[in-house]
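Shown next: query_12.pdb, containing PDB, C-alpha atoms and all ligand atoms.
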MODEL        1
ATOM      1  CA  MET A   1       8.710  -3.244  14.986
ATOM      2  CA  THR A   2       5.372  -2.150  16.415
ATOM      3  CA  PRO A   3       2.748  -0.265  14.383
ATOM      4  CA  THR A   4       3.274   3.482  14.438
ATOM      5  CA  THR A   5       0.682   5.696  16.103
ATOM      6  CA  PRO A   6       0.276   8.901  14.104
ATOM      7  CA  THR A   7      -1.618  12.054  14.990
ATOM      8  CA  ILE A   8      -5.305  11.807  14.153
ATOM      9  CA  PRO A   9      -6.457  14.917  12.283
ATOM     10  CA  THR A  10     -10.199  14.298  12.586
ATOM     11  CA  SER A  11     -12.377  11.821  14.434
ATOM     12  CA  PRO A  12     -14.644  10.087  11.967
ATOM     13  CA  THR A  13     -17.363   8.156  13.688
ATOM     14  CA  ARG A  14     -17.595   5.394  11.073
ATOM     15  CA  HIS A  15     -14.232   4.226   9.803
ATOM     16  CA  GLY A  16     -14.446   1.604   7.048
ATOM     17  CA  TYR A  17     -11.619  -0.841   6.372
ATOM     18  CA  PHE A  18     -10.649  -3.628   4.000
ATOM     19  CA  GLY A  19     -11.952  -6.532   6.069
ATOM     20  CA  PRO A  20     -13.314  -8.860   7.265
ATOM     21  CA  GLU A  21     -12.084  -8.975  10.873
ATOM     22  CA  GLY A  22      -8.559 -10.341  11.136
ATOM     23  CA  THR A  23      -7.034  -8.626   8.079
ATOM     24  CA  PHE A  24      -3.782  -6.751   8.361
ATOM     25  CA  THR A  25      -5.818  -3.695   7.377
ATOM     26  CA  GLN A  26      -7.868  -4.068  10.559
ATOM     27  CA  MET A  27      -4.627  -4.090  12.558
ATOM     28  CA  ALA A  28      -3.623  -0.897  10.790
ATOM     29  CA  LEU A  29      -6.943   0.679  11.731
ATOM     30  CA  HIS A  30      -6.519  -0.332  15.386
ATOM     31  CA  ALA A  31      -3.101   1.323  15.375
ATOM     32  CA  TRP A  32      -4.485   4.416  13.628
ATOM     33  CA  ALA A  33      -7.712   5.124  15.484
ATOM     34  CA  PRO A  34      -7.833   3.407  18.840
ATOM     35  CA  ALA A  35     -10.213   6.097  20.184
ATOM     36  CA  ALA A  36     -13.420   4.923  21.829
ATOM     37  CA  GLY A  37     -16.705   5.783  20.199
ATOM     38  CA  GLN A  38     -15.574   4.900  16.701
ATOM     39  CA  GLU A  39     -17.325   2.280  14.697
ATOM     40  CA  HIS A  40     -15.046   0.148  12.542
ATOM     41  CA  VAL A  41     -16.908  -1.090   9.477
ATOM     42  CA  PRO A  42     -15.465  -4.129   7.626
ATOM     43  CA  LEU A  43     -15.834  -4.080   3.837
ATOM     44  CA  PRO A  44     -14.822  -7.020   1.651
ATOM     45  CA  SER A  45     -12.355  -5.322  -0.717
ATOM     46  CA  VAL A  46     -10.388  -2.133  -1.314
ATOM     47  CA  GLU A  47     -12.899  -1.081  -3.984
ATOM     48  CA  ALA A  48     -15.846  -1.726  -1.617
ATOM     49  CA  ALA A  49     -14.178   0.341   1.132
ATOM     50  CA  LEU A  50     -13.483   3.311  -1.171
ATOM     51  CA  ASN A  51     -16.916   3.083  -2.816
ATOM     52  CA  ALA A  52     -18.580   3.147   0.615
ATOM     53  CA  LEU A  53     -16.527   6.253   1.423
ATOM     54  CA  ARG A  54     -17.514   7.959  -1.835
ATOM     55  CA  ALA A  55     -21.169   7.083  -1.201
ATOM     56  CA  GLY A  56     -21.021   8.619   2.294
ATOM     57  CA  GLU A  57     -21.708   5.282   4.034
ATOM     58  CA  VAL A  58     -18.490   5.647   6.045
ATOM     59  CA  ASP A  59     -16.503   8.763   7.017
ATOM     60  CA  ALA A  60     -13.056   7.338   6.253
ATOM     61  CA  ALA A  61     -11.538   4.127   4.903
ATOM     62  CA  MET A  62      -8.318   2.281   5.761
ATOM     63  CA  VAL A  63      -6.705   0.503   2.797
ATOM     64  CA  PRO A  64      -3.261  -0.958   1.998
ATOM     65  CA  ILE A  65      -1.236   1.062  -0.494
ATOM     66  CA  GLU A  66       2.295  -0.367  -0.563
ATOM     67  CA  ASN A  67       4.176  -3.435   0.656
ATOM     68  CA  SER A  68       7.940  -3.453   1.195
ATOM     69  CA  VAL A  69       8.252  -6.810  -0.625
ATOM     70  CA  GLU A  70       5.505  -6.843  -3.249
ATOM     71  CA  GLY A  71       5.324  -3.113  -4.062
ATOM     72  CA  GLY A  72       2.239  -1.006  -4.752
ATOM     73  CA  VAL A  73      -1.299  -2.278  -4.163
ATOM     74  CA  SER A  74      -2.762  -1.599  -7.601
ATOM     75  CA  ALA A  75      -6.404  -1.830  -6.443
ATOM     76  CA  THR A  76      -5.762   1.155  -4.150
ATOM     77  CA  LEU A  77      -3.551   3.144  -6.537
ATOM     78  CA  ASP A  78      -6.090   2.785  -9.360
ATOM     79  CA  ALA A  79      -9.152   3.548  -7.221
ATOM     80  CA  LEU A  80      -7.480   6.730  -5.916
ATOM     81  CA  ALA A  81      -6.317   7.821  -9.390
ATOM     82  CA  SER A  82      -9.837   7.767 -10.883
ATOM     83  CA  GLY A  83     -13.433   8.428  -9.836
ATOM     84  CA  ASP A  84     -14.594  11.118  -7.411
ATOM     85  CA  PRO A  85     -11.612  12.693  -5.636
ATOM     86  CA  LEU A  86     -10.520  11.384  -2.228
ATOM     87  CA  VAL A  87      -7.674  12.456   0.054
ATOM     88  CA  VAL A  88      -5.217  10.573   2.235
ATOM     89  CA  VAL A  89      -5.259  11.947   5.793
ATOM     90  CA  GLY A  90      -2.683   9.666   7.388
ATOM     91  CA  GLU A  91      -0.543   6.568   7.068
ATOM     92  CA  VAL A  92       0.343   3.590   9.275
ATOM     93  CA  LEU A  93       3.132   1.038   8.844
ATOM     94  CA  VAL A  94       2.371  -2.511  10.009
ATOM     95  CA  PRO A  95       4.906  -5.352  10.177
ATOM     96  CA  ILE A  96       3.565  -8.358   8.275
ATOM     97  CA  THR A  97       3.864 -11.885   9.743
ATOM     98  CA  PHE A  98       2.112 -14.816   8.106
ATOM     99  CA  VAL A  99       1.063 -18.233   9.446
ATOM    100  CA  LEU A 100      -0.245 -21.272   7.597
ATOM    101  CA  ALA A 101      -3.501 -22.302   9.303
ATOM    102  CA  ALA A 102      -5.876 -25.237   8.826
ATOM    103  CA  ARG A 103      -8.909 -26.844  10.450
ATOM    104  CA  PRO A 104      -7.862 -28.645  13.662
ATOM    105  CA  GLY A 105      -6.559 -32.151  12.905
ATOM    106  CA  VAL A 106      -5.569 -31.461   9.270
ATOM    107  CA  PRO A 107      -1.811 -32.185   8.974
ATOM    108  CA  LEU A 108       0.585 -30.380   6.609
ATOM    109  CA  GLY A 109       0.795 -33.556   4.504
ATOM    110  CA  GLU A 110      -2.903 -33.246   3.598
ATOM    111  CA  VAL A 111      -2.617 -29.696   2.273
ATOM    112  CA  ARG A 112      -3.032 -29.797  -1.521
ATOM    113  CA  ALA A 113      -4.353 -26.247  -2.027
ATOM    114  CA  VAL A 114      -3.769 -22.985  -0.134
ATOM    115  CA  GLY A 115      -6.094 -19.968  -0.039
ATOM    116  CA  THR A 116      -4.994 -16.367   0.514
ATOM    117  CA  HIS A 117      -4.875 -12.809  -0.895
ATOM    118  CA  SER A 118      -2.640 -12.421  -3.967
ATOM    119  CA  HIS A 119      -0.357  -9.965  -2.186
ATOM    120  CA  ALA A 120       0.140 -12.411   0.677
ATOM    121  CA  TRP A 121       0.808 -15.309  -1.711
ATOM    122  CA  ALA A 122       3.539 -13.295  -3.403
ATOM    123  CA  GLN A 123       5.208 -12.859  -0.002
ATOM    124  CA  VAL A 124       5.311 -16.592   0.895
ATOM    125  CA  ARG A 125       6.263 -18.048  -2.513
ATOM    126  CA  GLY A 126       9.710 -19.145  -1.330
ATOM    127  CA  TRP A 127       8.354 -20.965   1.733
ATOM    128  CA  MET A 128       5.667 -22.661  -0.353
ATOM    129  CA  GLY A 129       8.214 -23.755  -2.964
ATOM    130  CA  THR A 130      10.231 -25.473  -0.238
ATOM    131  CA  HIS A 131       7.499 -26.935   1.997
ATOM    132  CA  LEU A 132       4.458 -27.362  -0.252
ATOM    133  CA  PRO A 133       5.859 -27.305  -3.797
ATOM    134  CA  ASP A 134       2.797 -29.026  -5.294
ATOM    135  CA  ALA A 135       0.162 -26.926  -3.512
ATOM    136  CA  VAL A 136      -2.330 -25.156  -5.773
ATOM    137  CA  TYR A 137      -2.960 -21.466  -5.056
ATOM    138  CA  VAL A 138      -6.601 -20.411  -4.529
ATOM    139  CA  PRO A 139      -7.047 -16.591  -4.583
ATOM    140  CA  THR A 140      -9.350 -15.085  -1.953
ATOM    141  CA  LEU A 141     -10.501 -11.506  -1.318
ATOM    142  CA  SER A 142      -8.229 -11.144   1.739
ATOM    143  CA  THR A 143      -6.064 -13.217   4.079
ATOM    144  CA  ALA A 144      -8.816 -13.161   6.719
ATOM    145  CA  ALA A 145     -11.449 -14.243   4.172
ATOM    146  CA  ALA A 146      -9.213 -17.225   3.356
ATOM    147  CA  ALA A 147      -9.074 -18.189   7.037
ATOM    148  CA  ALA A 148     -12.837 -17.666   7.494
ATOM    149  CA  GLY A 149     -13.487 -19.906   4.480
ATOM    150  CA  LEU A 150     -12.119 -22.887   6.443
ATOM    151  CA  VAL A 151     -14.545 -22.535   9.340
ATOM    152  CA  GLY A 152     -17.833 -24.352   9.962
ATOM    153  CA  THR A 153     -19.550 -26.865   7.738
ATOM    154  CA  ASP A 154     -18.759 -24.792   4.631
ATOM    155  CA  GLY A 155     -15.097 -25.026   5.595
ATOM    156  CA  GLU A 156     -15.218 -28.804   5.145
ATOM    157  CA  GLN A 157     -16.068 -28.221   1.463
ATOM    158  CA  ALA A 158     -13.536 -25.404   0.905
ATOM    159  CA  ALA A 159     -11.458 -25.490  -2.284
ATOM    160  CA  TYR A 160      -8.293 -25.346  -0.124
ATOM    161  CA  GLN A 161      -7.164 -27.069   3.081
ATOM    162  CA  ALA A 162      -5.002 -24.276   4.535
ATOM    163  CA  ALA A 163      -4.933 -20.470   4.582
ATOM    164  CA  VAL A 164      -2.067 -17.975   4.699
ATOM    165  CA  CYS A 165      -3.216 -15.325   7.172
ATOM    166  CA  ALA A 166      -2.298 -13.197  10.175
ATOM    167  CA  PRO A 167      -1.739 -15.114  13.450
ATOM    168  CA  VAL A 168      -4.673 -13.220  15.006
ATOM    169  CA  ALA A 169      -7.084 -14.414  12.274
ATOM    170  CA  ALA A 170      -6.106 -18.055  12.860
ATOM    171  CA  ARG A 171      -6.464 -17.678  16.634
ATOM    172  CA  ASN A 172      -9.826 -15.899  16.547
ATOM    173  CA  LEU A 173     -11.312 -18.466  14.172
ATOM    174  CA  GLY A 174     -10.042 -21.481  16.157
ATOM    175  CA  LEU A 175      -7.770 -22.719  13.371
ATOM    176  CA  GLU A 176      -4.610 -24.722  13.994
ATOM    177  CA  VAL A 177      -1.308 -23.108  13.050
ATOM    178  CA  LEU A 178       0.689 -25.557  10.910
ATOM    179  CA  ALA A 179       3.654 -23.199  10.452
ATOM    180  CA  GLU A 180       4.514 -19.707  11.653
ATOM    181  CA  GLY A 181       6.726 -16.958  10.251
ATOM    182  CA  ILE A 182       6.336 -18.269   6.697
ATOM    183  CA  GLY A 183       6.941 -14.910   4.987
ATOM    184  CA  ASP A 184      10.013 -14.947   2.744
ATOM    185  CA  ASN A 185      11.136 -11.622   4.179
ATOM    186  CA  ALA A 186      11.015 -11.340   7.965
ATOM    187  CA  ALA A 187      11.197  -7.541   7.740
ATOM    188  CA  ALA A 188       8.111  -7.173   5.497
ATOM    189  CA  VAL A 189       6.040  -4.075   6.203
ATOM    190  CA  THR A 190       2.813  -2.850   4.606
ATOM    191  CA  ARG A 191       1.909   0.809   4.469
ATOM    192  CA  PHE A 192      -1.788   1.559   4.962
ATOM    193  CA  VAL A 193      -3.525   4.882   4.388
ATOM    194  CA  SER A 194      -6.594   6.405   5.993
ATOM    195  CA  VAL A 195      -8.601   8.034   3.199
ATOM    196  CA  ALA A 196     -11.377  10.628   3.515
ATOM    197  CA  ARG A 197     -13.577  12.733   1.257
ATOM    198  CA  PRO A 198     -11.969  16.045   0.137
ATOM    199  CA  GLY A 199     -12.063  19.023   2.484
ATOM    200  CA  GLN A 200      -9.794  17.595   5.183
ATOM    201  CA  LEU A 201      -6.224  18.784   5.403
ATOM    202  CA  PRO A 202      -4.211  17.498   8.373
ATOM    203  CA  GLU A 203      -2.050  20.139  10.040
ATOM    204  CA  ARG A 204       1.518  20.641   8.918
ATOM    205  CA  THR A 205       3.901  18.834  11.298
ATOM    206  CA  GLY A 206       7.253  19.436   9.617
ATOM    207  CA  ALA A 207       7.553  15.708   8.770
ATOM    208  CA  ASP A 208       4.793  15.289   6.215
ATOM    209  CA  LYS A 209       4.114  13.554   2.945
ATOM    210  CA  THR A 210       2.113  14.617  -0.080
ATOM    211  CA  THR A 211       0.599  12.114  -2.525
ATOM    212  CA  LEU A 212      -0.105  13.036  -6.152
ATOM    213  CA  VAL A 213      -1.144  11.422  -9.414
ATOM    214  CA  LEU A 214       0.271  13.118 -12.506
ATOM    215  CA  PHE A 215      -1.178  12.802 -16.003
ATOM    216  CA  GLN A 216       1.116  13.812 -18.852
ATOM    217  CA  ARG A 217      -0.072  15.995 -21.745
ATOM    218  CA  ASP A 218       1.572  13.784 -24.324
ATOM    219  CA  ASP A 219       4.291  11.189 -24.638
ATOM    220  CA  HIS A 220       7.536  12.918 -25.610
ATOM    221  CA  ALA A 221      11.257  12.651 -24.952
ATOM    222  CA  GLY A 222      12.036  14.101 -21.530
ATOM    223  CA  GLY A 223       8.360  14.138 -20.471
ATOM    224  CA  LEU A 224       8.933  12.359 -17.159
ATOM    225  CA  LEU A 225      12.014  14.472 -16.519
ATOM    226  CA  GLU A 226       9.928  17.640 -16.848
ATOM    227  CA  LEU A 227       7.691  16.366 -14.067
ATOM    228  CA  LEU A 228      10.509  15.212 -11.806
ATOM    229  CA  GLU A 229      12.523  18.394 -12.159
ATOM    230  CA  GLN A 230       9.673  20.285 -10.480
ATOM    231  CA  PHE A 231      10.732  18.450  -7.310
ATOM    232  CA  ALA A 232      14.471  18.295  -7.961
ATOM    233  CA  VAL A 233      15.000  22.034  -8.533
ATOM    234  CA  ARG A 234      13.209  22.767  -5.249
ATOM    235  CA  GLY A 235      15.142  20.144  -3.226
ATOM    236  CA  ILE A 236      12.001  18.052  -2.642
ATOM    237  CA  ASN A 237      12.660  14.358  -2.000
ATOM    238  CA  MET A 238      10.402  11.804  -3.642
ATOM    239  CA  SER A 239       9.687   8.667  -1.579
ATOM    240  CA  ARG A 240       7.630   6.672  -4.115
ATOM    241  CA  LEU A 241       7.117   6.732  -7.874
ATOM    242  CA  GLU A 242       4.991   4.214  -9.741
ATOM    243  CA  SER A 243       3.563   4.258 -13.211
ATOM    244  CA  ARG A 244       0.050   2.892 -13.669
ATOM    245  CA  PRO A 245      -1.826   2.411 -16.941
ATOM    246  CA  THR A 246      -4.585   5.021 -17.356
ATOM    247  CA  LYS A 247      -6.574   2.210 -19.050
ATOM    248  CA  SER A 248      -7.593   4.564 -21.873
ATOM    249  CA  SER A 249      -5.156   3.179 -24.441
ATOM    250  CA  MET A 250      -2.092   0.962 -24.715
ATOM    251  CA  GLY A 251       1.051   2.696 -23.473
ATOM    252  CA  ASP A 252      -0.848   5.523 -21.727
ATOM    253  CA  TYR A 253       0.427   5.865 -18.150
ATOM    254  CA  CYS A 254      -0.049   8.142 -15.170
ATOM    255  CA  PHE A 255       2.446   8.515 -12.310
ATOM    256  CA  SER A 256       1.570   7.907  -8.677
ATOM    257  CA  ILE A 257       4.009   9.837  -6.513
ATOM    258  CA  ASP A 258       4.764  10.516  -2.831
ATOM    259  CA  ILE A 259       6.967  13.459  -1.946
ATOM    260  CA  GLU A 260       8.263  14.709   1.370
ATOM    261  CA  GLY A 261       6.564  17.905   2.531
ATOM    262  CA  HIS A 262       3.119  19.451   3.001
ATOM    263  CA  VAL A 263       1.074  21.406   0.459
ATOM    264  CA  LEU A 264       1.363  24.356   2.880
ATOM    265  CA  ASP A 265       5.174  24.281   2.531
ATOM    266  CA  GLU A 266       6.172  27.011   0.093
ATOM    267  CA  ARG A 267       8.343  24.821  -2.086
ATOM    268  CA  VAL A 268       5.718  22.052  -2.314
ATOM    269  CA  GLY A 269       3.124  24.639  -3.328
ATOM    270  CA  GLU A 270       5.487  25.984  -5.985
ATOM    271  CA  ALA A 271       6.190  22.470  -7.265
ATOM    272  CA  LEU A 272       2.435  21.895  -7.619
ATOM    273  CA  LEU A 273       2.118  25.111  -9.614
ATOM    274  CA  GLY A 274       5.012  24.004 -11.829
ATOM    275  CA  LEU A 275       3.365  20.604 -12.353
ATOM    276  CA  LYS A 276       0.057  22.241 -13.229
ATOM    277  CA  ARG A 277       1.846  24.081 -16.048
ATOM    278  CA  VAL A 278       3.399  20.964 -17.597
ATOM    279  CA  CYS A 279       0.790  18.250 -16.873
ATOM    280  CA  ALA A 280      -2.588  17.531 -18.448
ATOM    281  CA  ASP A 281      -3.891  16.932 -14.918
ATOM    282  CA  VAL A 282      -2.535  16.906 -11.365
ATOM    283  CA  ARG A 283      -4.610  14.961  -8.867
ATOM    284  CA  PHE A 284      -3.812  16.056  -5.300
ATOM    285  CA  LEU A 285      -4.328  13.094  -2.969
ATOM    286  CA  GLY A 286      -3.546  14.843   0.290
ATOM    287  CA  SER A 287      -0.809  16.003   2.668
ATOM    288  CA  TYR A 288      -0.497  14.138   5.964
ATOM    289  CA  PRO A 289       1.988  13.352   8.741
ATOM    290  CA  ALA A 290       4.607  10.786   7.698
ATOM    291  CA  ALA A 291       4.472   7.624   9.821
ATOM    292  CA  HIS A 292       8.155   8.054  10.556
ATOM    293  CA  GLY A 293       9.432  11.603  10.686
ATOM    294  CA  THR A 294      11.205  11.496   7.356
ATOM    295  CA  ALA A 295      13.898  14.137   7.381
ATOM    296  CA  VAL A 296      14.427  15.989   4.126
ATOM    297  CA  ARG A 297      17.541  14.606   2.483
ATOM    298  CA  VAL A 298      19.639  16.755   0.217
ATOM    299  CA  THR A 299      21.516  14.719  -2.370
ATOM    300  CA  PRO A 300      24.852  16.322  -3.243
ATOM    301  CA  HIS A 301      25.483  17.091  -6.887
ATOM    302  CA  THR A 302      27.625  14.557  -8.706
ATOM    303  CA  SER A 303      31.252  15.598  -8.408
ATOM    304  CA  ASP A 304      33.475  16.129 -11.445
ATOM    305  CA  ALA A 305      35.455  13.056 -10.352
ATOM    306  CA  ALA A 306      32.332  10.877 -10.329
ATOM    307  CA  PHE A 307      31.371  12.253 -13.722
ATOM    308  CA  GLY A 308      34.815  11.315 -15.026
ATOM    309  CA  GLU A 309      34.346   7.772 -13.690
ATOM    310  CA  ALA A 310      30.946   7.528 -15.378
ATOM    311  CA  ARG A 311      32.460   8.655 -18.668
ATOM    312  CA  ALA A 312      35.160   5.978 -18.346
ATOM    313  CA  TRP A 313      32.464   3.366 -17.650
ATOM    314  CA  LEU A 314      30.553   4.433 -20.756
ATOM    315  CA  HIS A 315      33.715   4.190 -22.826
ATOM    316  CA  SER A 316      34.335   0.684 -21.454
ATOM    317  CA  LEU A 317      30.829  -0.354 -22.528
ATOM    318  CA  ARG A 318      31.433   1.028 -25.991
ATOM    319  CA  GLY A 319      34.929  -0.421 -26.284
ATOM    320  CA  THR A 320      36.299   3.031 -27.143
TER     321      THR A 320
HETATM  322  O1  LIG B   1      -5.662  -9.494   3.251
HETATM  323  C1  LIG B   1      -5.298  -8.761   4.181
HETATM  324  O2  LIG B   1      -5.158  -9.149   5.338
HETATM  325  C2  LIG B   1      -4.993  -7.358   3.894
HETATM  326  O3  LIG B   1      -5.056  -6.524   4.767
HETATM  327  C3  LIG B   1      -4.535  -6.999   2.514
HETATM  328  C4  LIG B   1      -3.036  -7.061   2.279
HETATM  329  C5  LIG B   1      -2.659  -6.328   0.949
HETATM  330  O4  LIG B   1      -3.464  -6.136   0.074
HETATM  331  O5  LIG B   1      -1.468  -5.971   0.812
HETATM  332  C6  LIG B   1      -2.338  -6.361   3.347
HETATM  333  C7  LIG B   1      -1.158  -6.742   3.831
HETATM  334  C8  LIG B   1      -0.471  -7.966   3.393
HETATM  335  O6  LIG B   1       0.660  -7.511   2.688
HETATM  336  C9  LIG B   1      -1.313  -8.811   2.522
HETATM  337  C10 LIG B   1      -2.561  -8.441   2.141
ENDMDL
END

When written as structure tokens, how does the structure in this file appear?
Amino acid sequence: MTPTTPTIPTSPTRHGYFGPEGTFTQMALHAWAPAAGQEHVPLPSVEAALNALRAGEVDAAMVPIENSVEGGVSATLDALASGDPLVVVGEVLVPITFVLAARPGVPLGEVRAVGTHSHAWAQVRGWMGTHLPDAVYVPTLSTAAAAAGLVGTDGEQAAYQAAVCAPVAARNLGLEVLAEGIGDNAAAVTRFVSVARPGQLPERTGADKTTLVLFQRDDHAGGLLELLEQFAVRGINMSRLESRPTKSSMGDYCFSIDIEGHVLDERVGEALLGLKRVCADVRFLGSYPAAHGTAVRVTPHTSDAAFGEARAWLHSLRGT
């Protein structure tokens, strides 16, 4: 799978990204905005990239939002759910392939600790358990920062002997690849989003996505259902739903949601109005072209026969 190349709605001149050079996020940015004349600005974390955007130091920021193996990137979901509003203007899917890299001459047998980003570590746990079961995990800000930490005289003193990173990071830094394709899932994909300050709305393409964060008024029976039925009754498909703590008190959650469709689509607009009526707050995080033209799926209603089967199943559970 090669990275998708979506339509670019605007041409920011300074596009920040979760760096440094050699991160998967940089690859996403190359796939997203290959146009000449753009400055790509590496920032050391998701928070730094979004803060730079909010402060006007960059015109857009590329950050990871979701991985097919490890799920949502909470740093991104939380930074988008709070603070000054930002909008997603596009998405890119990048296949994720990890290598284990070390300073030249360091054999696998000498690796006692491994540095990488927490999301990457979660994706190579199986391989590590088999090949380096005693290795200690050292968290780093990104996969590329882990690789960079092994270089030069400082690299001799690093707290780890090998890094889990992208092949390109190992190559560019002159590291030796001890093992390739070490991800536990060969089909792993990360979804990255290009984020901008409000006021930008990419054109409707007919295969779009809308991202929202919903805050409930109060916690009551059927509360989540009330939110979801705003989509269901209008035949709107939801492609992601995650709950995140609002951090205000224990048990207080908001819902981060992607739906198919554009805010300019009548039914999406109506769903937003419906949500506004039942939610304490609806944070609109943008409508943008889907990386893969996701066709609207209509799920048929459960048939009477299926309902009968479900009833029989329930009886079997109850022993009645
Ligand atoms: O560290 C990097 O290279 C990143 O781009 C970050 C990140 C992530 O946060 O999900 C991106 C893709 C991989 O799944 C692992 C790490």

Residues contacting ligand LIG 1 (chain B) - anything with an atom at most 8 Å away, using all atoms listed in the file - can you give me those as a short mmCIF file (atom, residue, chain, number, x, y, z; two decimals) with C-alpha atoms, in the coordinates of the input?
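Here's the written file pocket_4.cif:
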data_model
loop_
_atom_site.label_atom_id
_atom_site.label_comp_id
_atom_site.auth_asym_id
_atom_site.auth_seq_id
_atom_site.Cartn_x
_atom_site.Cartn_y
_atom_site.Cartn_z
CA PHE A 18 -10.65 -3.63 4.00
CA GLY A 19 -11.95 -6.53 6.07
CA GLY A 22 -8.56 -10.34 11.14
CA THR A 23 -7.03 -8.63 8.08
CA PHE A 24 -3.78 -6.75 8.36
CA THR A 25 -5.82 -3.70 7.38
CA GLN A 26 -7.87 -4.07 10.56
CA VAL A 63 -6.70 0.50 2.80
CA PRO A 64 -3.26 -0.96 2.00
CA ILE A 65 -1.24 1.06 -0.49
CA GLU A 66 2.30 -0.37 -0.56
CA ASN A 67 4.18 -3.44 0.66
CA GLU A 70 5.50 -6.84 -3.25
CA VAL A 73 -1.30 -2.28 -4.16
CA ILE A 96 3.56 -8.36 8.28
CA THR A 116 -4.99 -16.37 0.51
CA HIS A 117 -4.88 -12.81 -0.90
CA SER A 118 -2.64 -12.42 -3.97
CA HIS A 119 -0.36 -9.96 -2.19
CA ALA A 120 0.14 -12.41 0.68
CA GLN A 123 5.21 -12.86 0.00
CA LEU A 141 -10.50 -11.51 -1.32
CA SER A 142 -8.23 -11.14 1.74
CA THR A 143 -6.06 -13.22 4.08
CA ALA A 144 -8.82 -13.16 6.72
CA ALA A 145 -11.45 -14.24 4.17
CA CYS A 165 -3.22 -15.32 7.17
CA ALA A 166 -2.30 -13.20 10.18
CA ALA A 188 8.11 -7.17 5.50
CA VAL A 189 6.04 -4.08 6.20
CA THR A 190 2.81 -2.85 4.61
#

Worksheet item: Written as a PyMOL selection string, what is the full residue list that the PyMOL selection byres (((chain A and resi 82) around 12) and not hetatm) yields on the file shown?
Response: chain A and resi 47+50-51+54+75-81+83-86+213-215+244-248+254+256+281-285

Fill in: Contacts of Val114 of chain A within 7 Å, only C-alpha atoms, excl. fewer than 5 positions in-chain, as a PyMOL selection string
chain A and resi 135-138+160-163

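Going from atom CA of Gly274 of chain A over to atom CA of Gly251 of chain A, you cover 24.6 Å.
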
Worksheet entry | Separation of atom CA of Gln38 of chain A from atom CA of Val58 of chain A, in Å and rounded to one decimal |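 Pair atom CA of Gln38 of chain A / atom CA of Val58 of chain A returns 11.1 Å.
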
Worksheet, complete the sentence: Judged by all atoms listed in the file, the minimum distance to Pro104 of chain A among A:His131, A:His30, A:Arg171, A:Arg234 is found for A:Arg171

Practice prompt. Give as a ChimeraX atom specification the residues that the PyMOL selection byres (((chain A and resi 225-232) around 10) and not hetatm) matches when applied to the coordinates above.
Written response: /A:214-216,221-224,233-238,241,255,257,259-260,267-268,270-279,298-299

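Our summary of the geometry notes that atom CA of Ala31 of chain A is positioned 14.8 Å from atom CA of Ala60 of chain A.
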
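Between Pro198 of chain A and the candidates A:Ala113, A:Ala52, A:Met62, A:Val89, the tightest atom-to-atom separation, counting all atoms listed in the file, involves A:Val89.
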
Worksheet item: Any idea what's packed within 9 Å of Leu132 of chain A, counting only C-alpha atoms, ignoring anything in its chain fewer than 5 positions away? Could you give it as a ChimeraX atom specification?
Response: /A:108-109,111-112,127

Could you expand the PyMOL selection byres (((chain A and resi 203) around 12) and not hetatm) into the explicit residues it covers here, written as a short mmCIF file (atom, residue, chain, number, x, y, z; two decimals) with C-alpha atoms, in the frame of the given file?
data_model
loop_
_atom_site.label_atom_id
_atom_site.label_comp_id
_atom_site.auth_asym_id
_atom_site.auth_seq_id
_atom_site.Cartn_x
_atom_site.Cartn_y
_atom_site.Cartn_z
CA THR A 7 -1.62 12.05 14.99
CA ILE A 8 -5.30 11.81 14.15
CA PRO A 9 -6.46 14.92 12.28
CA THR A 10 -10.20 14.30 12.59
CA VAL A 89 -5.26 11.95 5.79
CA GLY A 90 -2.68 9.67 7.39
CA GLN A 200 -9.79 17.60 5.18
CA LEU A 201 -6.22 18.78 5.40
CA PRO A 202 -4.21 17.50 8.37
CA ARG A 204 1.52 20.64 8.92
CA THR A 205 3.90 18.83 11.30
CA GLY A 206 7.25 19.44 9.62
CA ALA A 207 7.55 15.71 8.77
CA ASP A 208 4.79 15.29 6.22
CA LYS A 209 4.11 13.55 2.94
CA GLY A 261 6.56 17.90 2.53
CA HIS A 262 3.12 19.45 3.00
CA VAL A 263 1.07 21.41 0.46
CA LEU A 264 1.36 24.36 2.88
CA ASP A 265 5.17 24.28 2.53
CA GLY A 286 -3.55 14.84 0.29
CA SER A 287 -0.81 16.00 2.67
CA TYR A 288 -0.50 14.14 5.96
CA PRO A 289 1.99 13.35 8.74
CA ALA A 290 4.61 10.79 7.70
#

Discussion item. Around (2.6, -23.1, 12.6), as given in the file, which residues come within 8 Å? Count only C-alpha atoms and list them as JSON, numbers by chain.
Written reply: {"A": [99, 100, 101, 176, 177, 178, 179, 180, 181]}

Worksheet entry | Top pick for closest residue to Pro95 of chain A, considering A:Ala122, A:Ala196, A:Val151, A:Val69 and counting only C-alpha atoms | A:Val69

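Shortest separation to Arg191 of chain A among A:Pro20, A:Gly115, A:Gly71, A:Gly56 occurs at residue A:Gly71, atoms counted being only C-alpha atoms.
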